[in-house]
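Asker: Contents of coords-v7.cif (mmCIF, C-alpha atoms):
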data_start
loop_
_atom_site.label_atom_id
_atom_site.label_comp_id
_atom_site.auth_asym_id
_atom_site.auth_seq_id
_atom_site.Cartn_x
_atom_site.Cartn_y
_atom_site.Cartn_z
CA MET A 1 -60.04 -33.16 -14.52
CA GLU A 2 -63.37 -33.37 -12.72
CA GLU A 3 -65.75 -30.91 -14.36
CA ASP A 4 -66.90 -29.31 -11.09
CA LEU A 5 -63.31 -28.89 -9.91
CA ALA A 6 -62.25 -27.47 -13.28
CA VAL A 7 -65.11 -24.96 -13.25
CA GLN A 8 -64.31 -23.93 -9.68
CA LEU A 9 -60.64 -23.42 -10.57
CA ARG A 10 -61.45 -21.31 -13.64
CA GLU A 11 -63.83 -19.11 -11.68
CA LEU A 12 -61.29 -18.52 -8.91
CA GLN A 13 -58.50 -17.85 -11.39
CA LYS A 14 -60.65 -15.20 -13.07
CA LEU A 15 -61.56 -13.69 -9.73
CA PHE A 16 -57.94 -13.43 -8.59
CA ALA A 17 -56.79 -12.22 -12.01
CA ASP A 18 -59.14 -9.22 -11.83
CA ALA A 19 -58.39 -8.22 -8.24
CA ALA A 20 -57.11 -10.49 -5.52
CA PRO A 21 -59.72 -10.47 -2.70
CA ASP A 22 -58.71 -9.90 0.89
CA ASP A 23 -61.18 -12.41 2.30
CA ARG A 24 -59.03 -15.15 3.87
CA ARG A 25 -61.74 -17.76 3.30
CA VAL A 26 -61.71 -17.07 -0.44
CA VAL A 27 -57.89 -17.14 -0.51
CA GLU A 28 -57.85 -20.51 1.23
CA GLU A 29 -60.58 -21.82 -1.08
CA TYR A 30 -58.43 -20.89 -4.08
CA ALA A 31 -55.34 -22.47 -2.47
CA TRP A 32 -57.19 -25.70 -1.64
CA THR A 33 -58.59 -25.88 -5.17
CA ILE A 34 -55.10 -25.59 -6.65
CA CYS A 35 -53.93 -28.23 -4.20
CA LYS A 36 -56.72 -30.66 -5.16
CA VAL A 37 -56.07 -30.20 -8.87
CA LEU A 38 -52.36 -30.89 -8.53
CA ASN A 39 -52.80 -33.86 -6.21
CA ARG A 40 -55.37 -35.50 -8.46
CA GLU A 41 -54.25 -34.47 -11.94
CA SER A 42 -50.49 -33.74 -11.94
CA GLU A 43 -49.74 -36.76 -14.16
CA LYS A 44 -52.32 -35.63 -16.76
CA LEU A 45 -51.66 -31.89 -16.80
CA SER A 46 -48.81 -30.32 -18.74
CA PRO A 47 -45.66 -29.58 -16.70
CA LEU A 48 -45.98 -25.88 -17.61
CA TYR A 49 -49.53 -25.67 -16.30
CA CYS A 50 -48.54 -27.44 -13.05
CA ARG A 51 -45.73 -24.92 -12.54
CA GLN A 52 -48.13 -22.06 -13.20
CA LEU A 53 -50.54 -23.36 -10.57
CA LEU A 54 -47.73 -23.73 -8.02
CA ALA A 55 -46.58 -20.20 -8.81
CA GLU A 56 -50.15 -18.97 -8.26
CA TYR A 57 -50.24 -20.67 -4.89
CA MET A 58 -46.93 -19.17 -3.76
CA LYS A 59 -48.37 -15.67 -4.36
CA LEU A 60 -51.23 -16.31 -1.93
CA ASP A 61 -51.09 -15.18 1.67
CA VAL A 62 -51.84 -18.42 3.50
CA VAL A 63 -51.16 -19.48 7.06
CA LYS A 64 -47.78 -21.22 7.48
CA PRO A 65 -47.17 -23.77 8.82
CA SER A 66 -50.56 -25.36 8.24
CA LEU A 67 -52.28 -28.44 6.86
CA LEU A 68 -52.87 -26.49 3.63
CA HIS A 69 -49.21 -25.56 3.21
CA SER A 70 -48.14 -29.16 3.85
CA ALA A 71 -50.76 -30.44 1.39
CA MET A 72 -49.31 -28.12 -1.25
CA LEU A 73 -45.83 -29.54 -0.58
CA ASN A 74 -47.27 -33.00 -1.14
CA ALA A 75 -48.72 -31.76 -4.43
CA ALA A 76 -45.32 -30.37 -5.44
CA VAL A 77 -43.77 -33.80 -4.79
CA LYS A 78 -46.29 -35.33 -7.19
CA VAL A 79 -45.44 -32.73 -9.82
CA ALA A 80 -41.70 -33.43 -9.34
CA VAL A 81 -42.26 -37.17 -9.78
CA ALA A 82 -44.42 -36.64 -12.86
CA SER A 83 -42.17 -34.10 -14.58
CA ALA A 84 -38.39 -33.69 -14.65
CA GLU A 85 -38.97 -30.16 -15.95
CA PHE A 86 -40.09 -29.04 -12.50
CA HIS A 87 -37.29 -27.47 -10.43
CA PHE A 88 -38.09 -28.97 -7.04
CA VAL A 89 -35.18 -27.55 -5.02
CA PRO A 90 -35.93 -23.88 -5.84
CA PHE A 91 -39.57 -24.60 -4.91
CA LEU A 92 -38.41 -25.93 -1.52
CA ASN A 93 -36.54 -22.67 -0.96
CA LEU A 94 -39.80 -20.80 -1.51
CA TRP A 95 -41.90 -23.23 0.52
CA ASN A 96 -39.34 -23.07 3.39
CA LEU A 97 -38.67 -26.30 5.28
CA SER A 98 -39.00 -24.47 8.58
CA ASN A 99 -42.76 -24.74 7.89
CA LEU A 100 -42.77 -28.51 8.32
CA ARG A 101 -45.17 -29.66 11.03
CA ARG A 102 -44.66 -32.49 13.50
CA GLU A 103 -47.38 -34.43 11.68
CA ASP A 104 -45.40 -34.25 8.42
CA TYR A 105 -42.76 -36.54 9.96
CA GLU A 106 -45.31 -39.18 10.92
CA ARG A 107 -46.34 -42.15 8.79
CA GLN A 108 -50.03 -42.62 8.14
CA LYS A 109 -51.94 -45.93 8.32
CA ASP A 110 -55.08 -47.09 6.56
CA ASP A 111 -57.90 -49.05 8.17
CA SER A 112 -56.06 -52.33 7.59
CA GLY A 113 -52.97 -51.06 9.41
CA LYS A 114 -50.84 -50.64 6.29
CA ALA A 115 -48.32 -47.82 6.75
CA PHE A 116 -47.63 -45.17 4.11
CA PRO A 117 -44.55 -42.96 3.79
CA SER A 118 -44.68 -39.69 5.67
CA LEU A 119 -44.67 -36.42 3.77
CA VAL A 120 -41.08 -35.86 4.88
CA GLU A 121 -40.04 -39.22 3.44
CA LYS A 122 -41.65 -38.38 0.09
CA VAL A 123 -39.95 -34.99 0.11
CA GLY A 124 -36.60 -36.64 0.89
CA LYS A 125 -36.86 -38.98 -2.11
CA ALA A 126 -37.91 -36.17 -4.44
CA TYR A 127 -35.06 -34.02 -3.14
CA VAL A 128 -32.24 -36.54 -3.74
CA THR A 129 -33.56 -37.19 -7.24
CA ALA A 130 -33.80 -33.46 -7.96
CA ARG A 131 -30.24 -32.87 -6.70
CA LEU A 132 -29.00 -35.71 -8.86
CA MET A 133 -30.59 -34.16 -11.95
CA ARG A 134 -29.54 -30.58 -11.12
CA PRO A 135 -26.63 -30.61 -8.64
CA GLN A 136 -26.12 -26.87 -9.15
CA GLU A 137 -29.46 -26.13 -7.44
CA THR A 138 -29.09 -26.01 -3.68
CA LEU A 139 -31.11 -25.15 -0.60
CA ALA A 140 -30.48 -21.87 1.17
CA ASP A 141 -30.28 -23.88 4.39
CA SER A 142 -29.79 -27.62 3.90
CA THR A 143 -29.38 -28.56 7.58
CA GLU A 144 -32.82 -30.07 8.06
CA MET A 145 -32.90 -31.75 4.65
CA GLU A 146 -29.52 -33.37 5.26
CA ARG A 147 -30.83 -34.73 8.54
CA ILE A 148 -33.89 -36.09 6.74
CA VAL A 149 -32.06 -37.84 3.88
CA ASN A 150 -29.35 -39.17 6.19
CA GLY A 151 -32.06 -40.59 8.42
CA MET A 152 -33.59 -42.29 5.38
CA GLY A 153 -30.26 -43.95 4.59
CA PHE A 154 -29.41 -41.96 1.47
CA HIS A 155 -25.83 -41.10 0.57
CA ILE A 156 -24.41 -38.32 -1.59
CA ALA A 157 -24.10 -39.07 -5.31
CA VAL A 158 -20.94 -40.94 -6.31
CA PRO A 159 -19.58 -41.88 -9.74
CA MET A 160 -19.80 -45.62 -10.44
CA VAL A 161 -19.02 -47.64 -13.54
CA VAL A 162 -21.00 -50.61 -14.86
CA THR A 163 -18.83 -53.73 -14.82
CA LYS A 164 -21.42 -56.36 -15.67
CA VAL A 165 -24.97 -56.66 -17.00
CA SER A 166 -26.75 -59.93 -16.19
CA GLU A 167 -30.15 -61.30 -17.12
CA PHE A 168 -32.22 -63.59 -14.91
CA GLU A 169 -35.65 -65.16 -15.24
CA THR A 170 -37.89 -65.15 -12.20
CA ASN A 171 -41.44 -66.53 -12.30
CA GLY A 172 -41.41 -66.34 -16.08
CA ARG A 173 -40.24 -62.73 -16.00
CA LYS A 174 -36.89 -61.65 -17.41
CA LEU A 175 -34.96 -59.19 -15.26
CA LYS A 176 -31.74 -57.37 -16.08
CA PHE A 177 -29.32 -56.36 -13.35
CA ALA A 178 -26.27 -54.11 -13.46
CA SER A 179 -23.20 -54.50 -11.25
CA LEU A 180 -21.38 -51.23 -10.48
CA VAL A 181 -18.10 -50.30 -8.81
CA GLY A 182 -16.98 -46.93 -7.46
CA ILE A 183 -13.58 -45.27 -7.31
CA ASP A 184 -13.03 -46.62 -3.79
CA GLY A 185 -14.02 -50.16 -4.80
CA LYS A 186 -17.48 -49.94 -3.28
CA GLU A 187 -19.83 -52.37 -5.05
CA ALA A 188 -23.51 -51.95 -5.85
CA ASN A 189 -26.17 -53.66 -7.90
CA CYS A 190 -29.61 -52.79 -9.20
CA GLU A 191 -32.15 -53.49 -11.91
CA VAL A 192 -31.17 -51.64 -15.06
CA HIS A 193 -34.31 -49.47 -14.99
CA ALA A 194 -32.82 -47.66 -11.95
CA LEU A 195 -30.11 -46.30 -14.30
CA ARG A 196 -31.16 -43.76 -16.91
CA VAL A 197 -30.17 -40.67 -18.82
CA ASN A 198 -30.75 -37.36 -17.06
CA PRO A 199 -34.40 -36.50 -17.76
CA ALA A 200 -33.66 -32.85 -16.98
CA LEU A 201 -31.37 -32.54 -20.02
CA PRO A 202 -32.74 -31.63 -23.47
CA LYS A 203 -34.01 -34.69 -25.30
CA THR A 204 -31.97 -35.69 -28.34
CA GLY A 205 -32.52 -38.56 -30.78
CA ASN A 206 -33.71 -41.96 -29.59
CA GLN A 207 -34.64 -41.73 -25.92
CA HIS A 208 -34.55 -45.48 -25.30
CA HIS A 209 -31.62 -46.08 -22.97
CA PHE A 210 -29.50 -49.21 -22.93
CA VAL A 211 -27.27 -49.91 -19.94
CA ASN A 212 -23.87 -51.23 -21.07
CA VAL A 213 -20.58 -52.25 -19.47
CA GLY A 214 -18.19 -49.31 -19.24
CA GLN A 215 -20.84 -46.62 -18.77
CA MET A 216 -20.38 -44.28 -15.81
CA TYR A 217 -23.34 -43.14 -13.72
CA ASP A 218 -23.73 -40.66 -10.88
CA VAL A 219 -25.44 -42.90 -8.33
CA ILE A 220 -27.43 -42.33 -5.17
CA LEU A 221 -26.76 -45.23 -2.81
CA LYS A 222 -28.98 -46.09 0.12
CA ASP A 223 -28.72 -48.33 3.14
CA LYS A 224 -30.39 -51.67 2.56
CA LYS A 225 -33.52 -52.52 4.47
CA ASP A 226 -34.68 -56.04 5.34
CA GLY A 227 -35.64 -57.92 2.20
CA GLU A 228 -33.97 -55.48 -0.20
CA SER A 229 -31.39 -56.85 -2.63
CA SER A 230 -30.23 -53.53 -4.08
CA ASN A 231 -28.38 -50.64 -2.47
CA VAL A 232 -28.96 -48.30 -5.42
CA TYR A 233 -31.79 -45.77 -5.24
CA CYS A 234 -31.20 -44.30 -8.68
CA GLY A 235 -28.44 -43.36 -11.09
CA ILE A 236 -28.07 -40.93 -13.97
CA LEU A 237 -25.69 -41.36 -16.90
CA SER A 238 -22.76 -39.07 -16.14
CA GLN A 239 -21.91 -36.19 -18.43
CA ARG A 240 -18.24 -36.50 -17.45
CA LYS A 241 -15.70 -38.71 -19.21
CA ILE A 242 -14.68 -41.77 -17.25
CA ASN A 243 -10.96 -41.01 -17.55
CA GLU A 244 -11.60 -37.58 -16.00
CA VAL A 245 -13.05 -39.17 -12.85
CA PHE A 246 -11.41 -42.56 -12.35
CA PRO A 247 -7.62 -43.08 -12.13
CA CYS A 248 -6.15 -44.33 -15.41
CA GLU A 249 -3.37 -46.70 -16.45
CA THR A 250 -1.60 -47.78 -19.62
CA GLY A 251 -1.94 -51.51 -20.22
CA TYR A 252 -0.54 -54.23 -22.45
CA VAL A 253 -3.02 -56.45 -24.33
CA GLU A 254 -1.75 -59.95 -23.57
CA HIS A 255 -4.64 -61.98 -24.99
CA VAL A 256 -7.97 -61.52 -26.78
CA ASP A 257 -10.73 -64.10 -26.38
CA PRO A 258 -13.16 -63.52 -29.28
CA GLU A 259 -15.49 -66.32 -28.14
CA HIS A 260 -16.24 -64.62 -24.82
CA ARG A 261 -15.45 -61.13 -26.20
CA HIS A 262 -12.86 -60.59 -23.47
CA THR A 263 -9.63 -58.60 -23.72
CA HIS A 264 -6.96 -59.51 -21.16
CA VAL A 265 -4.83 -56.55 -20.06
CA TYR A 266 -1.81 -56.22 -17.75
CA ASP A 267 -0.50 -53.00 -16.31
CA ALA A 268 3.05 -52.14 -15.26
CA LYS A 269 2.13 -53.06 -11.67
CA SER A 270 1.58 -56.69 -12.78
CA ARG A 271 -2.16 -56.51 -12.22
CA HIS A 272 -4.35 -58.57 -14.54
CA PHE A 273 -7.58 -57.04 -15.81
CA VAL A 274 -10.31 -58.30 -18.11
CA SER A 275 -12.27 -56.00 -20.39
CA ALA A 276 -15.75 -57.40 -20.89
CA THR A 277 -16.34 -54.99 -23.75
CA TYR A 278 -14.95 -56.15 -27.06
CA HIS A 279 -12.52 -53.82 -28.86
CA ALA A 280 -12.03 -54.86 -32.46
CA THR A 281 -8.94 -52.64 -32.78
CA ALA A 282 -7.18 -54.00 -29.69
CA SER A 283 -5.04 -57.03 -30.49
CA PRO A 284 -2.35 -58.93 -28.57
CA GLY A 285 0.87 -56.96 -28.32
CA GLN A 286 -0.82 -53.55 -28.41
CA PHE A 287 -1.02 -50.98 -25.65
CA VAL A 288 -4.20 -49.35 -24.36
CA ASP A 289 -5.20 -46.66 -21.91
CA PHE A 290 -7.83 -47.95 -19.52
CA VAL A 291 -9.61 -47.39 -16.23
CA PRO A 292 -8.73 -50.15 -13.74
CA VAL A 293 -11.84 -51.10 -11.78
CA ILE A 294 -10.97 -53.01 -8.62
CA PRO A 295 -13.96 -54.09 -6.49
CA GLU A 296 -13.66 -54.08 -2.72
CA LYS A 297 -14.73 -57.73 -2.35
CA ASN A 298 -15.16 -59.28 -5.80
CA LYS A 299 -11.78 -60.50 -7.11
CA PHE A 300 -12.66 -59.87 -10.77
CA LYS A 301 -10.74 -56.78 -11.88
CA SER A 302 -12.23 -55.02 -14.90
CA ALA A 303 -10.56 -52.84 -17.51
CA ILE A 304 -12.60 -50.10 -19.14
CA ILE A 305 -10.59 -49.42 -22.31
CA TYR A 306 -10.99 -45.95 -23.78
CA LYS A 307 -7.92 -45.65 -26.02
CA VAL A 308 -5.98 -48.10 -28.20
CA TYR A 309 -2.45 -47.06 -29.21
CA ALA A 310 -1.31 -47.40 -32.80
CA LYS A 311 0.87 -50.40 -33.60
CA GLY A 312 4.40 -49.89 -32.33
CA SER A 313 3.53 -47.16 -29.81
CA GLY A 314 2.57 -47.02 -26.15
CA ALA A 315 5.55 -48.86 -24.63
CA ALA A 316 7.04 -45.74 -23.05
CA GLU A 317 3.70 -44.87 -21.43
CA PHE A 318 3.46 -48.41 -20.03
CA GLY A 319 6.99 -48.38 -18.60
CA ILE A 320 10.08 -50.06 -20.01
CA ARG A 321 12.46 -52.13 -17.89
CA GLU A 322 16.18 -52.54 -18.58
CA LEU A 323 17.32 -56.17 -18.22
CA LYS A 324 20.92 -57.41 -18.03
CA VAL A 325 21.81 -60.82 -19.51
CA THR A 326 23.43 -63.16 -16.96
CA PHE A 327 23.36 -66.44 -18.90
CA VAL A 328 22.52 -67.68 -22.40
CA ASN A 329 21.64 -71.31 -23.22
CA HIS A 330 21.43 -71.60 -27.00
CA ASP A 331 20.79 -75.34 -26.89
CA LYS A 332 17.67 -75.00 -24.75
CA GLY A 333 16.83 -71.60 -26.25
CA TYR A 334 16.58 -69.37 -23.21
CA ILE A 335 18.25 -66.34 -21.66
CA ALA A 336 18.59 -65.63 -17.94
CA TRP A 337 18.39 -61.97 -16.99
CA GLU A 338 18.53 -59.67 -13.99
CA LEU A 339 17.03 -56.23 -13.53
CA ALA A 340 19.52 -53.44 -14.17
CA ASP A 341 17.94 -51.71 -11.17
CA VAL A 342 17.40 -54.42 -8.55
CA SER A 343 16.15 -51.82 -6.07
CA ALA A 344 12.84 -51.75 -7.97
CA PRO A 345 11.75 -55.41 -8.03
CA ILE A 346 8.79 -56.73 -10.01
CA VAL A 347 5.81 -57.28 -7.72
CA GLU A 348 2.05 -57.26 -8.11
CA ALA A 349 0.69 -54.08 -6.57
CA GLY A 350 -1.80 -54.52 -3.75
CA THR A 351 -0.63 -58.01 -2.82
CA SER A 352 1.83 -59.56 -0.40
CA GLY A 353 3.06 -61.86 -3.18
CA PRO A 354 6.73 -62.52 -3.93
CA SER A 355 8.89 -59.95 -5.68
CA PHE A 356 11.39 -60.74 -8.43
CA THR A 357 14.60 -59.17 -9.70
CA SER A 358 15.44 -61.84 -12.29
CA GLY A 359 13.87 -64.23 -14.74
CA TYR A 360 14.07 -65.94 -18.12
CA VAL A 361 13.11 -65.17 -21.69
CA SER A 362 13.05 -67.34 -24.82
CA VAL A 363 15.68 -66.78 -27.49
CA ASP A 364 12.85 -67.14 -30.03
CA MET A 365 11.41 -63.77 -28.93
CA PHE A 366 14.48 -61.96 -30.25
CA MET A 367 14.50 -63.95 -33.47
CA GLU A 368 10.75 -63.42 -34.05
CA GLN A 369 11.22 -59.66 -33.61
CA GLY A 370 14.26 -59.67 -35.95
CA LYS A 371 16.68 -58.72 -33.18
CA ASN A 372 20.14 -60.05 -32.34
CA VAL A 373 20.32 -62.35 -29.34
CA PRO A 374 22.24 -60.41 -26.65
CA ALA A 375 25.34 -61.87 -25.06
CA VAL A 376 26.16 -62.24 -21.35
CA GLY A 377 26.77 -58.83 -19.84
CA GLU A 378 24.73 -57.00 -22.47
CA SER A 379 21.44 -55.28 -21.68
CA PHE A 380 18.12 -55.08 -23.47
CA ARG A 381 14.94 -53.15 -22.87
CA ALA A 382 11.63 -54.92 -22.47
CA ILE A 383 8.03 -54.89 -21.31
CA VAL A 384 7.89 -57.22 -18.32
CA PHE A 385 5.30 -58.05 -15.66
CA LEU A 386 4.25 -60.99 -13.52
CA LYS A 387 2.01 -63.56 -15.17
CA ARG A 388 0.45 -66.71 -13.77
CA GLY A 389 1.71 -69.94 -15.35
CA LYS A 390 0.01 -73.28 -15.86
CA ASP A 391 1.09 -74.26 -12.34
CA LEU A 392 -0.83 -71.15 -11.12
CA GLU A 393 2.38 -69.57 -9.85
CA LYS A 394 3.23 -66.01 -10.90
CA ARG A 395 6.61 -65.36 -12.50
CA PRO A 396 8.20 -62.55 -14.53
CA HIS A 397 6.98 -62.61 -18.10
CA VAL A 398 8.81 -60.72 -20.85
CA ALA A 399 6.03 -59.71 -23.19
CA MET A 400 8.03 -57.68 -25.69
CA VAL A 401 11.59 -56.62 -26.47
CA VAL A 402 11.71 -52.89 -27.11
CA ASP A 403 14.16 -51.12 -29.45
#
When written as structure tokens, how does the structure in this file appear?
Answerer:
Amino acid sequence: MEEDLAVQLRELQKLFADAAPDDRRVVEEYAWTICKVLNRESEKLSPLYCRQLLAEYMKLDVVKPSLLHSAMLNAAVKVAVASAEFHFVPFLNLWNLSNLRREDYERQKDDSGKAFPSLVEKVGKAYVTARLMRPQETLADSTEMERIVNGMGFHIAVPMVVTKVSEFETNGRKLKFASLVGIDGKEANCEVHALRVNPALPKTGNQHHFVNVGQMYDVILKDKKDGESSNVYCGILSQRKINEVFPCETGYVEHVDPEHRHTHVYDAKSRHFVSATYHATASPGQFVDFVPVIPEKNKFKSAIIYKVYAKGSGAAEFGIRELKVTFVNHDKGYIAWELADVSAPIVEAGTSGPSFTSGYVSVDMFMEQGKNVPAVGESFRAIVFLKRGKDLEKRPHVAMVVD
């Protein structure tokens, strides 16, 4: 801190500590000194000291609205940006947004004509970040603030899950980007540094944060402006469990690709998902509970696996079909079957694709599972869904015969 400014602040603090003077000029001098210190030094001063100075200011009887009061709001924005410990929303309640001046909504320009954000724009950004960190803290009257942030293109925080992390090199610089999808399928993307742990929470262990597929963030989206590639303003790692927020399904692990670390999962609605996170305990033939992530435009459906069933369990949760044998060809080794309940055909949910009430299964499946091959007219229970064949056509696929 500048020595002259520091001396002036100490002298005024002592003066007001002994007996607050009534002289308005002295009061404003003290207020302006606090304002200058915070505007110039907020990044260097301790968060506690900054809060103490703001508290000192709020005790002073200054004219409102005024240039001074607006300057102090600007100082508070700087403190909020510098320190997550500062509770910005409660400060706004004290400052009172009804004290905003017309000039606070106007952008300023330097001598070269370059425009700078208005005070209101800076307040809007600090506010949405503060609300994201501490959603329980609210404004007594949020009408004006909602108008401000809506006008800036900000949207309320929504839960989104990371479906992909990509790395690119631009001008010799490596950049990492995260792709995210919301419950409604809305897609977003951003550089990974826009996603972080909540800085307002107590710090525990290693504070270096890695963004990984399957993590859920509470994200502030914004309308894109010309030249912007991202529609994410910021996101904070959610404290909620993904299966408490997103709808869940039980899936069947049809294939595991260790080379690409992909796990291919089908659900009872014949939808095919790929988990880009490798699960060493999930193997073909097992059942998993997962979050189906279905983007609005991108056709790649992701599975966020959070539970793997023990061997031999999970079939009931997936959904078992009863199939009736209509023909057996022992020479060619196949069985023709029909659904016991033809009123509930097999169809891929969310598509206009064909539906099926019958299909075929290899005799070998019964023999491999140590089961007797059923005769015509007999029924058996199975896990069945539509699967694309080598000819790219989808047909009923019996994945498992169930006892």
Asker: Neighbours of A:Pro345 within 7 Å (only C-alpha atoms; same-chain residues fewer than 5 positions away dropped), as number ranges by chain?
Answerer: A: 355-357
Asker: Could you check the closest approach to A:Phe385 for each of A:Gln136, A:Asn93, A:Thr129, A:Ser270 and tell me which residue wins, using all atoms listed in the file?
Answerer: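 Using all atoms listed in the file, A:Phe385 sits closest to A:Ser270.
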Asker: Once the PyMOL selection byres ((chain A and resi 158) around 7) is applied to the coordinates I shared, what remains selected? I want it as a compact mmCIF listing (two decimals) with C-alpha atoms, keeping the file's coordinate frame.
Answerer:
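Listing of result_2.txt after writing:
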# COMPACT_ATOMS: atom_id res chain seq x y z
CA ILE A 156 -24.41 -38.32 -1.59
CA ALA A 157 -24.10 -39.07 -5.31
CA PRO A 159 -19.58 -41.88 -9.74
CA MET A 160 -19.80 -45.62 -10.44
CA ASP A 218 -23.73 -40.66 -10.88
CA VAL A 219 -25.44 -42.90 -8.33
CA ILE A 220 -27.43 -42.33 -5.17
Asker: Might you pull out every residue within 8 Å of A:His397, with all atoms listed in the file counted and same-chain residues fewer than 3 positions away left off, and present them as a list in words?
Answerer: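 Listing them by chain and then by number gives Gly359, Tyr360, Val361, Val384, Phe385, Leu386 and Lys387 of chain A.
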Asker: Could you name the residues that touch A:Lys269 at 12 Å or less, counting only C-alpha atoms, but leaving out those on the same chain fewer than 5 positions away, as a PyMOL selection string?
Answerer: chain A and resi 249-252+292+318-320+344-351+355+383-387+396
Asker: A:His87, A:Lys394, A:Arg147, A:Arg25: which is nearest A:Val63, counting all atoms listed in the file?
Answerer: A:Arg25
Asker: With the PyMOL selection byres ((chain A and resi 289) around 8) as the selection, what would be picked from this file? Answer as a ChimeraX atom specification, please.
Answerer: /A:248-251,287-288,290-291,305-309
Asker: Between A:Glu191, A:His155, A:Val162, A:Glu296, which has the minimum distance to A:Ile242 (counting all atoms listed in the file)?
Answerer: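 Residue with the minimum atom-to-atom distance to A:Ile242: A:Val162.
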Asker: Between atom CA of A:Val77 and atom CA of A:Lys122, what is the spacing in Å?
Answerer: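 Rounded to one decimal, the two atoms are 7.0 Å apart.
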Asker: Given the file shown, enumerate the residues that the PyMOL selection byres ((chain A and resi 32) around 10) captures and present them as a VMD selection string.
Answerer: chain A and resid 9 26 to 31 33 to 38 57 68 to 69 71 to 72
Asker: Mind giving me the straight-line distance from atom CA of A:Gly235 to atom CA of A:Leu195 in Å, one decimal?
Answerer: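 Atom CA of A:Gly235 sits 4.7 Å away from atom CA of A:Leu195.
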Asker: For the point (-34.4, -53.6, -5.1) in file coordinates, what residues are within 12 Å, counting all atoms listed in the file? Give the answer as an MDAnalysis selection string?
Answerer: chainID A and resid 175:178 188:194 221:234
Asker: Extract, using only C-alpha atoms, all DNA, RNA and protein residues at most 9 Å from A:Arg321, discarding same-chain residues fewer than 3 positions from it, and format them as a list in words.
Answerer: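 Listing them by chain and then by number gives Leu339, Ala340, Asp341, Phe380, Arg381, Ala382, Ile383 and Val384 of chain A.
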Asker: Just the selected residues (C-alpha atoms), exported as a tab-separated table (two decimals), in the coordinates of the input, please.
Answerer:
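Wrote selection04.tsv, looks like this:
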chain	number	residue	atom	x	y	z
A	339	LEU	CA	17.03	-56.23	-13.53
A	340	ALA	CA	19.52	-53.44	-14.17
A	341	ASP	CA	17.94	-51.71	-11.17
A	380	PHE	CA	18.12	-55.08	-23.47
A	381	ARG	CA	14.94	-53.15	-22.87
A	382	ALA	CA	11.63	-54.92	-22.47
A	383	ILE	CA	8.03	-54.89	-21.31
A	384	VAL	CA	7.89	-57.22	-18.32
Asker: Please indicate the distance in Å from atom CA of A:Ser283 to atom CA of A:Met365, rounded to one decimal place.
Answerer: 17.8 Å
